[in-house]
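Text of target23.pdb, listed as PDB, C-alpha atoms, pLDDT in the B column:
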```pdb
ATOM      1  CA  MET A   1     126.247 -28.034  59.183  1.00 58.00           C
ATOM      2  CA  LYS A   2     129.218 -25.762  58.838  1.00 58.00           C
ATOM      3  CA  ASN A   3     128.161 -24.811  55.312  1.00 61.00           C
ATOM      4  CA  LEU A   4     124.642 -24.086  56.471  1.00 54.00           C
ATOM      5  CA  LEU A   5     125.928 -21.797  59.235  1.00 52.00           C
ATOM      6  CA  ILE A   6     128.199 -19.952  56.783  1.00 61.00           C
ATOM      7  CA  ALA A   7     125.301 -19.528  54.336  1.00 55.00           C
ATOM      8  CA  ILE A   8     123.020 -18.085  57.049  1.00 63.00           C
ATOM      9  CA  LEU A   9     125.711 -15.636  58.182  1.00 53.00           C
ATOM     10  CA  PHE A  10     126.366 -14.580  54.595  1.00 57.00           C
ATOM     11  CA  VAL A  11     122.671 -13.915  53.934  1.00 55.00           C
ATOM     12  CA  SER A  12     122.351 -11.988  57.212  1.00 58.00           C
ATOM     13  CA  PHE A  13     125.323  -9.725  56.490  1.00 55.00           C
ATOM     14  CA  SER A  14     124.166  -9.173  52.909  1.00 57.00           C
ATOM     15  CA  SER A  15     120.695  -8.147  54.068  1.00 56.00           C
ATOM     16  CA  LEU A  16     122.147  -5.835  56.698  1.00 50.00           C
ATOM     17  CA  SER A  17     124.468  -4.070  54.274  1.00 51.00           C
ATOM     18  CA  ILE A  18     121.691  -3.651  51.678  1.00 51.00           C
ATOM     19  CA  ALA A  19     119.331  -2.225  54.314  1.00 48.00           C
ATOM     20  CA  GLN A  20     121.967   0.276  55.461  1.00 50.00           C
ATOM     21  CA  THR A  21     122.660   1.367  51.880  1.00 49.00           C
ATOM     22  CA  VAL A  22     118.965   1.922  51.149  1.00 48.00           C
ATOM     23  CA  SER A  23     118.263   3.773  54.394  1.00 50.00           C
ATOM     24  CA  TYR A  24     121.159   6.193  54.104  1.00 51.00           C
ATOM     25  CA  THR A  25     120.873   8.386  51.047  1.00 51.00           C
ATOM     26  CA  PRO A  26     122.026  11.974  51.643  1.00 55.00           C
ATOM     27  CA  VAL A  27     120.180  13.230  48.554  1.00 54.00           C
ATOM     28  CA  ASN A  28     116.833  12.092  49.964  1.00 59.00           C
ATOM     29  CA  GLU A  29     117.481  13.834  53.283  1.00 60.00           C
ATOM     30  CA  ALA A  30     118.351  17.084  51.501  1.00 59.00           C
ATOM     31  CA  ASN A  31     115.222  16.820  49.353  1.00 63.00           C
ATOM     32  CA  LEU A  32     113.125  16.114  52.429  1.00 59.00           C
ATOM     33  CA  PHE A  33     114.523  19.223  54.153  1.00 62.00           C
ATOM     34  CA  GLU A  34     113.849  21.361  51.058  1.00 66.00           C
ATOM     35  CA  THR A  35     110.301  20.032  50.800  1.00 69.00           C
ATOM     36  CA  LYS A  36     109.597  20.790  54.464  1.00 68.00           C
ATOM     37  CA  GLU A  37     111.103  24.259  54.058  1.00 71.00           C
ATOM     38  CA  LYS A  38     108.999  24.997  50.963  1.00 70.00           C
ATOM     39  CA  SER A  39     105.902  23.646  52.670  1.00 80.00           C
ATOM     40  CA  THR A  40     106.461  25.860  55.712  1.00 84.00           C
ATOM     41  CA  GLU A  41     107.128  28.884  53.508  1.00 84.00           C
ATOM     42  CA  ALA A  42     103.947  28.251  51.513  1.00 85.00           C
ATOM     43  CA  LYS A  43     101.916  27.920  54.718  1.00 87.00           C
ATOM     44  CA  LEU A  44     103.341  31.186  56.035  1.00 88.00           C
ATOM     45  CA  LYS A  45     102.482  32.982  52.794  1.00 89.00           C
ATOM     46  CA  GLU A  46      98.962  31.552  52.895  1.00 90.00           C
ATOM     47  CA  GLU A  47      98.474  32.632  56.527  1.00 91.00           C
ATOM     48  CA  LYS A  48      99.814  36.104  55.734  1.00 89.00           C
ATOM     49  CA  ALA A  49      97.406  36.446  52.799  1.00 89.00           C
ATOM     50  CA  LYS A  50      94.472  35.365  54.992  1.00 90.00           C
ATOM     51  CA  LEU A  51      95.441  37.849  57.683  1.00 92.00           C
ATOM     52  CA  GLU A  52      95.807  40.684  55.174  1.00 91.00           C
ATOM     53  CA  ALA A  53      92.395  39.842  53.669  1.00 88.00           C
ATOM     54  CA  ALA A  54      90.778  39.838  57.126  1.00 91.00           C
ATOM     55  CA  ILE A  55      92.322  43.199  58.005  1.00 91.00           C
ATOM     56  CA  MET A  56      91.226  44.680  54.672  1.00 89.00           C
ATOM     57  CA  SER A  57      87.694  43.364  55.202  1.00 89.00           C
ATOM     58  CA  GLN A  58      87.506  44.946  58.648  1.00 92.00           C
ATOM     59  CA  MET A  59      88.832  48.263  57.337  1.00 91.00           C
ATOM     60  CA  HIS A  60      86.419  48.337  54.383  1.00 89.00           C
ATOM     61  CA  THR A  61      83.480  47.452  56.629  1.00 90.00           C
ATOM     62  CA  LYS A  62      84.372  50.208  59.103  1.00 92.00           C
ATOM     63  CA  ILE A  63      84.799  52.772  56.309  1.00 89.00           C
ATOM     64  CA  ALA A  64      81.466  51.752  54.758  1.00 89.00           C
ATOM     65  CA  GLN A  65      79.692  52.113  58.106  1.00 92.00           C
ATOM     66  CA  GLN A  66      81.240  55.542  58.679  1.00 92.00           C
ATOM     67  CA  GLN A  67      80.408  56.788  55.188  1.00 90.00           C
ATOM     68  CA  LEU A  68      76.790  55.582  55.387  1.00 91.00           C
ATOM     69  CA  GLN A  69      76.300  57.002  58.886  1.00 92.00           C
ATOM     70  CA  LYS A  70      77.645  60.349  57.741  1.00 91.00           C
ATOM     71  CA  TYR A  71      75.475  60.281  54.620  1.00 91.00           C
ATOM     72  CA  LEU A  72      72.333  59.503  56.622  1.00 90.00           C
ATOM     73  CA  ALA A  73      73.137  62.178  59.211  1.00 89.00           C
ATOM     74  CA  GLU A  74      73.424  64.748  56.417  1.00 90.00           C
ATOM     75  CA  HIS A  75      70.396  63.638  54.387  1.00 89.00           C
ATOM     76  CA  LEU A  76      67.738  62.471  56.822  1.00 87.00           C
ATOM     77  CA  VAL A  77      64.872  64.887  57.298  1.00 84.00           C
ATOM     78  CA  TYR A  78      62.871  65.105  60.496  1.00 84.00           C
ATOM     79  CA  THR A  79      59.525  65.928  58.891  1.00 85.00           C
ATOM     80  CA  GLU A  80      56.699  68.028  60.270  1.00 88.00           C
ATOM     81  CA  THR A  81      54.637  64.854  60.695  1.00 86.00           C
ATOM     82  CA  LEU A  82      57.330  63.358  62.899  1.00 85.00           C
ATOM     83  CA  LYS A  83      57.605  66.615  64.884  1.00 86.00           C
ATOM     84  CA  ALA A  84      53.837  67.077  65.250  1.00 88.00           C
ATOM     85  CA  ASN A  85      53.373  63.544  66.558  1.00 87.00           C
ATOM     86  CA  CYS A  86      56.564  63.620  68.680  1.00 89.00           C
ATOM     87  CA  ILE A  87      57.784  60.460  66.993  1.00 87.00           C
ATOM     88  CA  GLU A  88      61.236  59.342  68.052  1.00 87.00           C
ATOM     89  CA  ASP A  89      62.890  56.064  67.203  1.00 87.00           C
ATOM     90  CA  ASN A  90      66.192  54.227  67.447  1.00 90.00           C
ATOM     91  CA  VAL A  91      66.546  51.729  64.637  1.00 93.00           C
ATOM     92  CA  VAL A  92      69.186  49.508  63.133  1.00 95.00           C
ATOM     93  CA  LEU A  93      69.335  49.626  59.357  1.00 94.00           C
ATOM     94  CA  VAL A  94      70.774  46.498  57.720  1.00 95.00           C
ATOM     95  CA  ILE A  95      72.374  47.357  54.388  1.00 93.00           C
ATOM     96  CA  SER A  96      73.601  44.840  51.823  1.00 92.00           C
ATOM     97  CA  LEU A  97      76.493  45.940  49.627  1.00 91.00           C
ATOM     98  CA  ASP A  98      77.855  44.400  46.453  1.00 90.00           C
ATOM     99  CA  GLU A  99      81.530  44.029  45.481  1.00 87.00           C
ATOM    100  CA  LYS A 100      81.540  47.599  44.131  1.00 87.00           C
ATOM    101  CA  GLY A 101      80.264  49.002  47.429  1.00 87.00           C
ATOM    102  CA  GLN A 102      76.820  49.826  46.070  1.00 88.00           C
ATOM    103  CA  VAL A 103      73.722  49.523  48.238  1.00 90.00           C
ATOM    104  CA  VAL A 104      71.706  46.622  46.829  1.00 91.00           C
ATOM    105  CA  GLU A 105      69.240  45.947  49.616  1.00 92.00           C
ATOM    106  CA  THR A 106      68.017  47.528  52.825  1.00 93.00           C
ATOM    107  CA  ALA A 107      66.021  46.182  55.757  1.00 93.00           C
ATOM    108  CA  PHE A 108      65.382  47.024  59.368  1.00 94.00           C
ATOM    109  CA  LYS A 109      66.529  44.781  62.178  1.00 92.00           C
ATOM    110  CA  ASP A 110      63.413  45.479  64.272  1.00 91.00           C
ATOM    111  CA  LYS A 111      59.973  46.980  63.796  1.00 91.00           C
ATOM    112  CA  VAL A 112      60.120  50.634  62.723  1.00 90.00           C
ATOM    113  CA  HIS A 113      57.533  53.426  62.716  1.00 88.00           C
ATOM    114  CA  PRO A 114      56.267  53.751  59.104  1.00 90.00           C
ATOM    115  CA  GLU A 115      57.137  57.448  58.825  1.00 90.00           C
ATOM    116  CA  VAL A 116      60.670  56.852  60.118  1.00 90.00           C
ATOM    117  CA  SER A 117      61.063  53.934  57.726  1.00 91.00           C
ATOM    118  CA  LYS A 118      59.878  56.108  54.838  1.00 91.00           C
ATOM    119  CA  GLN A 119      62.444  58.818  55.603  1.00 91.00           C
ATOM    120  CA  ILE A 120      65.364  56.413  56.005  1.00 91.00           C
ATOM    121  CA  LEU A 121      64.575  54.424  52.857  1.00 91.00           C
ATOM    122  CA  SER A 122      64.083  57.623  50.875  1.00 90.00           C
ATOM    123  CA  ALA A 123      67.491  58.925  51.961  1.00 90.00           C
ATOM    124  CA  ILE A 124      69.364  55.646  51.399  1.00 90.00           C
ATOM    125  CA  LYS A 125      67.973  55.289  47.845  1.00 87.00           C
ATOM    126  CA  GLU A 126      69.963  58.368  46.909  1.00 85.00           C
ATOM    127  CA  ALA A 127      73.192  57.099  48.460  1.00 82.00           C
ATOM    128  CA  LYS A 128      76.089  56.605  46.115  1.00 75.00           C
ATOM    129  CA  ASN A 129      78.375  53.615  46.369  1.00 76.00           C
ATOM    130  CA  ILE A 130      81.015  53.469  49.055  1.00 79.00           C
ATOM    131  CA  SER A 131      84.242  55.031  47.803  1.00 80.00           C
ATOM    132  CA  ILE A 132      86.969  52.509  48.556  1.00 79.00           C
ATOM    133  CA  ASN A 133      89.878  51.358  46.359  1.00 72.00           C
ATOM    134  CA  ASN A 134      88.341  52.184  42.973  1.00 75.00           C
ATOM    135  CA  ASN A 135      84.997  50.603  43.881  1.00 75.00           C
ATOM    136  CA  ASN A 136      86.607  47.319  44.905  1.00 82.00           C
ATOM    137  CA  TYR A 137      84.768  46.716  48.180  1.00 85.00           C
ATOM    138  CA  LYS A 138      86.180  43.827  50.255  1.00 87.00           C
ATOM    139  CA  GLY A 139      84.174  44.314  53.455  1.00 88.00           C
ATOM    140  CA  GLN A 140      81.206  42.465  54.887  1.00 89.00           C
ATOM    141  CA  GLN A 141      78.290  42.106  52.506  1.00 91.00           C
ATOM    142  CA  GLN A 142      75.817  43.119  55.203  1.00 94.00           C
ATOM    143  CA  ILE A 143      76.468  45.925  57.613  1.00 93.00           C
ATOM    144  CA  GLU A 144      74.373  47.408  60.372  1.00 94.00           C
ATOM    145  CA  ILE A 145      73.907  51.148  60.759  1.00 92.00           C
ATOM    146  CA  PRO A 146      72.299  52.537  63.934  1.00 93.00           C
ATOM    147  CA  VAL A 147      69.973  55.462  63.185  1.00 90.00           C
ATOM    148  CA  THR A 148      68.396  57.742  65.778  1.00 87.00           C
ATOM    149  CA  PHE A 149      65.361  59.937  65.159  1.00 78.00           C
ATOM    150  CA  SER A 150      65.004  62.348  68.035  1.00 80.00           C
ATOM    151  CA  LEU A 151      63.453  65.755  68.710  1.00 73.00           C
ATOM    152  CA  ARG A 152      66.634  66.837  70.492  1.00 69.00           C
TER     153      ARG A 152
END
```
Exercise: express the given structure as structure tokens:
Amino acid sequence: MKNLLIAILFVSFSSLSIAQTVSYTPVNEANLFETKEKSTEAKLKEEKAKLEAAIMSQMHTKIAQQQLQKYLAEHLVYTETLKANCIEDNVVLVISLDEKGQVVETAFKDKVHPEVSKQILSAIKEAKNISINNNNYKGQQQIEIPVTFSLR
């Protein structure tokens, strides 16, 4: 019985000392800290890149809207037909741009008087691409441009 008790105690202490040796390894703790630090740093860089891309997209979209509004204001013609028939209209032009900032498609958000539509589409066909960062447009692919035709 005494031998059995000594054997059980010996096995228990051996298991305990092995478990403590395996659980405490300073190298693993240092590696774990480095891994967490690198992971956090990578996440921060990724978040920063996403934020910068979002800001650039907003800026490019705003610039594109401003340039197209200015272009339309300078090139739209209020024809004699529109004047004679007292045709006025407020429309929203939906313009699709490619990655170079070129107009690739146009549509109207709502129903538009045919003569107004003709004038707007004629003017926008002549529009050049948006001038941003060497024709590297990063804004929204579709933008809305409000256009007002008024006798005033």
- For atom CA of A:Lys70 and atom CA of A:Gln142, quote the distance in Å rounded to one decimal.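 Between these atoms lies a distance of 17.5 Å.
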- List the residues selected by the PyMOL selection byres ((chain A and resi 126) around 12) in the file shown, writing them as a ChimeraX atom specification. /A:68,71-72,74-76,102-104,119-125,127-129
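You will find atom CA of A:Lys50 at 12.8 Å from atom CA of A:Lys138.
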- Task: Apply the PyMOL selection byres ((chain A and resi 101) around 12) to the displayed file and report the matching residues as a PyMOL selection string.
- Result: chain A and resi 60-61+63-65+67-68+95-100+102-105+127-143
Residues from last step as file, C-alpha atoms, as a compact mmCIF listing (two decimals), in the coordinates of the input:
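Result file follows (out.txt):
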```txt
# COMPACT_ATOMS: atom_id res chain seq x y z
CA HIS A 60 86.42 48.34 54.38
CA THR A 61 83.48 47.45 56.63
CA ILE A 63 84.80 52.77 56.31
CA ALA A 64 81.47 51.75 54.76
CA GLN A 65 79.69 52.11 58.11
CA GLN A 67 80.41 56.79 55.19
CA LEU A 68 76.79 55.58 55.39
CA ILE A 95 72.37 47.36 54.39
CA SER A 96 73.60 44.84 51.82
CA LEU A 97 76.49 45.94 49.63
CA ASP A 98 77.86 44.40 46.45
CA GLU A 99 81.53 44.03 45.48
CA LYS A 100 81.54 47.60 44.13
CA GLN A 102 76.82 49.83 46.07
CA VAL A 103 73.72 49.52 48.24
CA VAL A 104 71.71 46.62 46.83
CA GLU A 105 69.24 45.95 49.62
CA ALA A 127 73.19 57.10 48.46
CA LYS A 128 76.09 56.60 46.12
CA ASN A 129 78.38 53.62 46.37
CA ILE A 130 81.02 53.47 49.06
CA SER A 131 84.24 55.03 47.80
CA ILE A 132 86.97 52.51 48.56
CA ASN A 133 89.88 51.36 46.36
CA ASN A 134 88.34 52.18 42.97
CA ASN A 135 85.00 50.60 43.88
CA ASN A 136 86.61 47.32 44.90
CA TYR A 137 84.77 46.72 48.18
CA LYS A 138 86.18 43.83 50.26
CA GLY A 139 84.17 44.31 53.46
CA GLN A 140 81.21 42.46 54.89
CA GLN A 141 78.29 42.11 52.51
CA GLN A 142 75.82 43.12 55.20
CA ILE A 143 76.47 45.92 57.61
```
- atom CA of A:Glu144 to atom CA of A:Lys48, straight-line distance in Å: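 Distance reported for this atom pair: 28.2 Å.
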Using the partial input, fill out stretch 110-131 of chain A with N, CA and C atoms; write the result as an mmCIF file, keeping the file's coordinate frame.
```
data_model
loop_
_atom_site.group_PDB
_atom_site.id
_atom_site.type_symbol
_atom_site.label_atom_id
_atom_site.label_comp_id
_atom_site.auth_asym_id
_atom_site.auth_seq_id
_atom_site.Cartn_x
_atom_site.Cartn_y
_atom_site.Cartn_z
ATOM 1 N N ASP A 110 64.610 45.585 63.442
ATOM 2 C CA ASP A 110 63.413 45.479 64.272
ATOM 3 C C ASP A 110 62.281 46.289 63.635
ATOM 4 N N LYS A 111 61.132 46.230 64.269
ATOM 5 C CA LYS A 111 59.973 46.980 63.796
ATOM 6 C C LYS A 111 60.268 48.486 63.880
ATOM 7 N N VAL A 112 59.838 49.206 62.830
ATOM 8 C CA VAL A 112 60.120 50.634 62.723
ATOM 9 C C VAL A 112 58.815 51.378 62.443
ATOM 10 N N HIS A 113 58.692 52.577 63.010
ATOM 11 C CA HIS A 113 57.533 53.426 62.716
ATOM 12 C C HIS A 113 57.511 53.682 61.207
ATOM 13 N N PRO A 114 56.346 53.593 60.568
ATOM 14 C CA PRO A 114 56.267 53.751 59.104
ATOM 15 C C PRO A 114 56.838 55.070 58.576
ATOM 16 N N GLU A 115 56.625 56.153 59.290
ATOM 17 C CA GLU A 115 57.137 57.448 58.825
ATOM 18 C C GLU A 115 58.673 57.503 58.923
ATOM 19 N N VAL A 116 59.209 56.919 59.963
ATOM 20 C CA VAL A 116 60.670 56.852 60.118
ATOM 21 C C VAL A 116 61.252 55.977 59.012
ATOM 22 N N SER A 117 60.625 54.854 58.784
ATOM 23 C CA SER A 117 61.063 53.934 57.726
ATOM 24 C C SER A 117 61.062 54.641 56.371
ATOM 25 N N LYS A 118 59.998 55.379 56.111
ATOM 26 C CA LYS A 118 59.878 56.108 54.838
ATOM 27 C C LYS A 118 61.028 57.090 54.651
ATOM 28 N N GLN A 119 61.375 57.828 55.689
ATOM 29 C CA GLN A 119 62.444 58.818 55.603
ATOM 30 C C GLN A 119 63.815 58.162 55.387
ATOM 31 N N ILE A 120 64.061 57.094 56.120
ATOM 32 C CA ILE A 120 65.364 56.413 56.005
ATOM 33 C C ILE A 120 65.520 55.786 54.622
ATOM 34 N N LEU A 121 64.489 55.086 54.165
ATOM 35 C CA LEU A 121 64.575 54.424 52.857
ATOM 36 C C LEU A 121 64.680 55.441 51.725
ATOM 37 N N SER A 122 63.996 56.562 51.876
ATOM 38 C CA SER A 122 64.083 57.623 50.875
ATOM 39 C C SER A 122 65.511 58.168 50.795
ATOM 40 N N ALA A 123 66.123 58.382 51.939
ATOM 41 C CA ALA A 123 67.491 58.925 51.961
ATOM 42 C C ALA A 123 68.498 57.913 51.413
ATOM 43 N N ILE A 124 68.356 56.650 51.795
ATOM 44 C CA ILE A 124 69.364 55.646 51.399
ATOM 45 C C ILE A 124 69.279 55.317 49.906
ATOM 46 N N LYS A 125 68.104 55.526 49.294
ATOM 47 C CA LYS A 125 67.973 55.289 47.845
ATOM 48 C C LYS A 125 68.895 56.208 47.056
ATOM 49 N N GLU A 126 69.133 57.374 47.587
ATOM 50 C CA GLU A 126 69.963 58.368 46.909
ATOM 51 C C GLU A 126 71.459 58.193 47.191
ATOM 52 N N ALA A 127 71.782 57.295 48.076
ATOM 53 C CA ALA A 127 73.192 57.099 48.460
ATOM 54 C C ALA A 127 73.995 56.560 47.284
ATOM 55 N N LYS A 128 75.155 57.105 47.126
ATOM 56 C CA LYS A 128 76.089 56.605 46.115
ATOM 57 C C LYS A 128 76.801 55.382 46.682
ATOM 58 N N ASN A 129 77.614 54.755 45.861
ATOM 59 C CA ASN A 129 78.375 53.615 46.369
ATOM 60 C C ASN A 129 79.483 54.094 47.307
ATOM 61 N N ILE A 130 79.938 53.181 48.118
ATOM 62 C CA ILE A 130 81.015 53.469 49.055
ATOM 63 C C ILE A 130 82.284 53.698 48.247
ATOM 64 N N SER A 131 83.019 54.750 48.564
ATOM 65 C CA SER A 131 84.242 55.031 47.803
ATOM 66 C C SER A 131 85.455 54.417 48.510
#
```
